[in-house]
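A.B. asks: The structure that follows is given in the form of structure tokens.
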Amino acid sequence: MSTYLIGDIHGCYDELRALLEQVDFSPEQDTLWLTGDLVARGPSSLEVLRYVKSLGQSVRMVLGNHDLHLLAVFAGISRNKPKDRLTPLLEAEDADELINWLRRQPLLQVDEEKKLVMAHAGVTPQWDLETAQACARELEAVLSSDSYPLFLDAMYGDMPNNWTPELSGLARLRFSANALTRMRLCFPNGQLDMICKEAPDSAPPPLKPWFAIPNRLPEGYTQIFGHWASLEGKGTPPGVIGLDTGCCWGGVLTLLHWESQRYFTQPSSRQPSMTETLPPQQSA
């Protein structure tokens, strides 16, 4: 029984299946962790959703910002952008079934035995694990309810960007969604910056990557995240692993076999070969 963790798929179905073939993934025995953003930008979002859904209980995934955006597009709240290549999914005969399955997926995964925590963008340094779990559960409850379009309509926006337990209602839900699915840079106190899009080494002071600010998670836990393709899996401190390596942009899809700590990559279909690599954090 193996645990495999894969970064943002973004509709790259062929690469996903090829990567799983490399490690002889068995849904009957193994567990597959996915960092979110299953859809958009790549060519085969429909096939990705159908396949991941078919894996049932062998998958532990989280929703990403592009997954939430798909929900909003399907609900008629946001525009279907051609660059997201979502039309085949939106027009599929099983679109209702897939969307209803997707909106019932978690925003946060925690494995206390393996000491793993996974969120699409990461866990804001302003939260301890108990708060992160509570805020994720609140958001999951709304998304899985019949009133989910009310949240999706209010989801877009960068404020509030500072956590306080007194946050309530849609403002609290929006903060949670931004922290779990959009966060990259923060101020030293952990306050989110939702404006700057620079790489960590180009960000203006005092902004820092969220993972460069001391977190409040229990000792010994490893954080797994995706979302930040320009990192290429590099530059994170011990105990924090970024797995989005930009397959949909012509990069690679990255898998970590947790038990052996071995990394495998599958290049974008525009590239010819498959390679097993060192952990991205250790690559040149």
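Naming scheme: A, B, ... for chains in displayed order of the structure tokens; residues 1 onward per chain; ligands 1 onward as shown.
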If we count only C-alpha atoms, what is near Asp153 of chain A at a cut-off of 9 Å, once residues fewer than 6 positions away on the same chain are taken out, given as a PyMOL selection string?
C.D. replies: chain A and resi 72+77-78
A.B. asks: For the residues in the current selection, export all heavy atoms as a short mmCIF file (atom, residue, chain, number, x, y, z; two decimals), in the first residue's frame.
C.D. replies:
data_model
loop_
_atom_site.label_atom_id
_atom_site.label_comp_id
_atom_site.auth_asym_id
_atom_site.auth_seq_id
_atom_site.Cartn_x
_atom_site.Cartn_y
_atom_site.Cartn_z
N ALA A 72 -18.42 28.20 -10.22
CA ALA A 72 -19.07 29.49 -10.46
C ALA A 72 -19.50 29.63 -11.92
O ALA A 72 -20.57 30.17 -12.21
CB ALA A 72 -18.15 30.63 -10.05
N ILE A 77 -22.49 32.21 -12.69
CA ILE A 77 -22.05 33.37 -11.91
C ILE A 77 -20.83 34.03 -12.55
O ILE A 77 -20.66 35.24 -12.48
CB ILE A 77 -21.75 32.93 -10.47
CG1 ILE A 77 -23.06 32.56 -9.77
CG2 ILE A 77 -21.01 34.01 -9.69
CD1 ILE A 77 -22.87 31.78 -8.50
N SER A 78 -19.97 33.24 -13.16
CA SER A 78 -18.76 33.77 -13.79
C SER A 78 -18.70 33.35 -15.25
O SER A 78 -19.41 32.43 -15.68
CB SER A 78 -17.52 33.28 -13.04
OG SER A 78 -16.37 33.99 -13.45
#
A.B. asks: Looking only at the backbone, which of the residues in segment 64-248 of chain A does DSSP tag as alpha helix (DSSP H), as number ranges by chain?
C.D. replies: A: 65-74, 87-90, 95-102, 129-143, 148-155, 169-181
A.B. asks: Quick one: everything within 12 Å of Tyr148 of chain A, counting only C-alpha atoms, minus sequence neighbours fewer than 4 positions away in the same chain. Send it as a list in words.
C.D. replies: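 With the cut-off at 12 Å, the set is Leu68, Leu71, Ala72, Phe74, Ala75, Ile77, Ile99, Asn100, Arg103, Arg104, Glu138, Leu139, Glu140, Ala141, Val142, Leu143, Ser144, Leu152, Asp153, Ala154, Met155, Leu170 and Leu173 of chain A.
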A.B. asks: Give me a file of those residues, with C-alpha atoms, as a PDB file, in the first residue's frame.
C.D. replies:
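And here's part24.pdb as it stands now:
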ATOM      1  CA  LEU A  68     -14.048  26.831  -7.424  1.00  0.00           C
ATOM      2  CA  LEU A  71     -18.335  25.784 -10.012  1.00  0.00           C
ATOM      3  CA  ALA A  72     -19.074  29.485 -10.458  1.00  0.00           C
ATOM      4  CA  PHE A  74     -21.391  26.226 -14.187  1.00  0.00           C
ATOM      5  CA  ALA A  75     -23.740  28.134 -11.878  1.00  0.00           C
ATOM      6  CA  ILE A  77     -22.047  33.371 -11.912  1.00  0.00           C
ATOM      7  CA  ILE A  99     -20.118  19.290 -10.672  1.00  0.00           C
ATOM      8  CA  ASN A 100     -22.195  17.983  -7.775  1.00  0.00           C
ATOM      9  CA  ARG A 103     -18.456  20.725  -4.912  1.00  0.00           C
ATOM     10  CA  ARG A 104     -18.579  18.093  -2.185  1.00  0.00           C
ATOM     11  CA  GLU A 138     -17.445  25.744   7.261  1.00  0.00           C
ATOM     12  CA  LEU A 139     -16.605  26.336   3.619  1.00  0.00           C
ATOM     13  CA  GLU A 140     -17.186  22.693   2.692  1.00  0.00           C
ATOM     14  CA  ALA A 141     -20.601  22.753   4.367  1.00  0.00           C
ATOM     15  CA  VAL A 142     -21.701  25.748   2.293  1.00  0.00           C
ATOM     16  CA  LEU A 143     -20.366  24.331  -0.988  1.00  0.00           C
ATOM     17  CA  SER A 144     -22.145  21.013  -0.434  1.00  0.00           C
ATOM     18  CA  LEU A 152     -19.904  31.554  -5.194  1.00  0.00           C
ATOM     19  CA  ASP A 153     -21.499  34.882  -6.087  1.00  0.00           C
ATOM     20  CA  ALA A 154     -19.687  36.522  -3.153  1.00  0.00           C
ATOM     21  CA  MET A 155     -16.462  34.532  -3.479  1.00  0.00           C
ATOM     22  CA  LEU A 170     -19.615  35.708   3.693  1.00  0.00           C
ATOM     23  CA  LEU A 173     -15.961  32.325   3.991  1.00  0.00           C
TER      24      LEU A 173
END
A.B. asks: Any idea what's packed within 9 Å of Glu130 of chain A, counting only C-alpha atoms, ignoring anything in its chain fewer than 4 positions away? Could you give it as a VMD selection string?
C.D. replies: chain A and resid 134 to 135 217
A.B. asks: Taking 5 positions as the minimum chain separation for residues in the same chain, which residues sit within 9 Å of segment 40-48 of chain A when counting only C-alpha atoms? Answer as a PyMOL selection string.
C.D. replies: chain A and resi 9-14+16+53+66-67+70+82-86+88-90+92+95+98+247-249
A.B. asks: Next, dump the selected residues to file, keeping only N, CA and C atoms, as a CSV table (one decimal), in the first residue's frame.
C.D. replies:
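Produced file selection_23.csv, reproduced below:
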chain,number,residue,atom,x,y,z
A,9,ILE,N,-3.1,19.2,-11.7
A,9,ILE,CA,-3.3,18.5,-12.9
A,9,ILE,C,-3.7,19.4,-14.1
A,10,HIS,N,-4.6,20.3,-13.8
A,10,HIS,CA,-5.1,21.3,-14.8
A,10,HIS,C,-5.4,20.7,-16.1
A,11,GLY,N,-6.2,19.7,-16.1
A,11,GLY,CA,-6.7,19.1,-17.3
A,11,GLY,C,-5.7,18.3,-18.1
A,12,CYS,N,-4.6,18.0,-17.6
A,12,CYS,CA,-3.6,17.2,-18.3
A,12,CYS,C,-3.8,15.7,-18.0
A,13,TYR,N,-4.8,15.2,-18.6
A,13,TYR,CA,-5.2,13.8,-18.4
A,13,TYR,C,-4.2,12.8,-18.8
A,14,ASP,N,-3.7,12.9,-20.0
A,14,ASP,CA,-2.7,11.9,-20.6
A,14,ASP,C,-1.5,11.9,-19.7
A,16,LEU,N,-1.3,12.6,-16.5
A,16,LEU,CA,-1.7,12.0,-15.2
A,16,LEU,C,-1.7,10.5,-15.3
A,53,LYS,N,-13.0,11.0,-10.2
A,53,LYS,CA,-14.3,10.6,-9.6
A,53,LYS,C,-14.4,9.0,-9.6
A,66,HIS,N,-9.1,27.2,-9.3
A,66,HIS,CA,-9.7,26.9,-10.6
A,66,HIS,C,-10.9,26.0,-10.5
A,67,ASP,N,-10.9,25.1,-9.5
A,67,ASP,CA,-12.0,24.2,-9.3
A,67,ASP,C,-13.2,25.0,-8.8
A,70,LEU,N,-14.7,26.9,-11.7
A,70,LEU,CA,-15.5,26.1,-12.5
A,70,LEU,C,-16.9,26.0,-12.0
A,82,PRO,N,-12.3,31.3,-22.8
A,82,PRO,CA,-11.8,30.3,-23.7
A,82,PRO,C,-10.4,29.7,-23.3
A,83,LYS,N,-9.6,30.5,-22.6
A,83,LYS,CA,-8.2,30.0,-22.3
A,83,LYS,C,-8.3,28.9,-21.2
A,84,ASP,N,-9.5,28.7,-20.5
A,84,ASP,CA,-9.6,27.7,-19.6
A,84,ASP,C,-10.0,26.3,-20.2
A,85,ARG,N,-10.5,26.4,-21.4
A,85,ARG,CA,-10.8,25.2,-22.2
A,85,ARG,C,-11.8,24.2,-21.4
A,86,LEU,N,-12.8,24.9,-20.9
A,86,LEU,CA,-13.8,24.1,-20.1
A,86,LEU,C,-15.0,23.7,-20.8
A,88,PRO,N,-16.0,21.6,-23.3
A,88,PRO,CA,-16.4,20.2,-23.4
A,88,PRO,C,-16.9,19.7,-22.0
A,89,LEU,N,-16.4,20.1,-20.9
A,89,LEU,CA,-16.9,19.7,-19.6
A,89,LEU,C,-18.2,20.3,-19.3
A,90,LEU,N,-18.4,21.6,-19.6
A,90,LEU,CA,-19.6,22.3,-19.3
A,90,LEU,C,-20.8,21.7,-20.1
A,92,ALA,N,-20.9,18.5,-21.3
A,92,ALA,CA,-21.0,17.0,-21.2
A,92,ALA,C,-22.3,16.6,-20.6
A,95,ALA,N,-22.3,16.5,-16.9
A,95,ALA,CA,-21.7,17.6,-16.2
A,95,ALA,C,-22.4,17.9,-14.8
A,98,LEU,N,-20.9,15.5,-12.3
A,98,LEU,CA,-19.5,15.8,-12.0
A,98,LEU,C,-19.4,17.0,-11.1
A,247,CYS,N,2.7,21.6,-15.4
A,247,CYS,CA,2.5,20.7,-16.5
A,247,CYS,C,1.7,21.4,-17.6
A,248,CYS,N,0.6,22.1,-17.3
A,248,CYS,CA,-0.2,22.7,-18.3
A,248,CYS,C,0.5,23.9,-19.0
A,249,TRP,N,1.6,24.3,-18.5
A,249,TRP,CA,2.4,25.4,-19.1
A,249,TRP,C,3.5,24.9,-19.9
A.B. asks: Ranking A:Tyr4, A:Trp101, A:Phe264, A:Trp258 by minimum distance to Ser58 of chain A and counting only C-alpha atoms, which one comes first?
C.D. replies: A:Tyr4
A.B. asks: If you run DSSP on the backbone here, which positions in segment 61-207 of chain A get strand (DSSP E or B)? Please write them as JSON, numbers by chain.
C.D. replies: {"A": [61, 109, 110, 111, 116, 117, 118, 128, 185, 186, 192, 193]}
A.B. asks: Can you measure atom CA of Thr35 of chain A to atom CA of Glu166 of chain A for me? One decimal in Å is fine.
C.D. replies: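 Computed distance, atom CA of Thr35 of chain A to atom CA of Glu166 of chain A, equals 29.0 Å.
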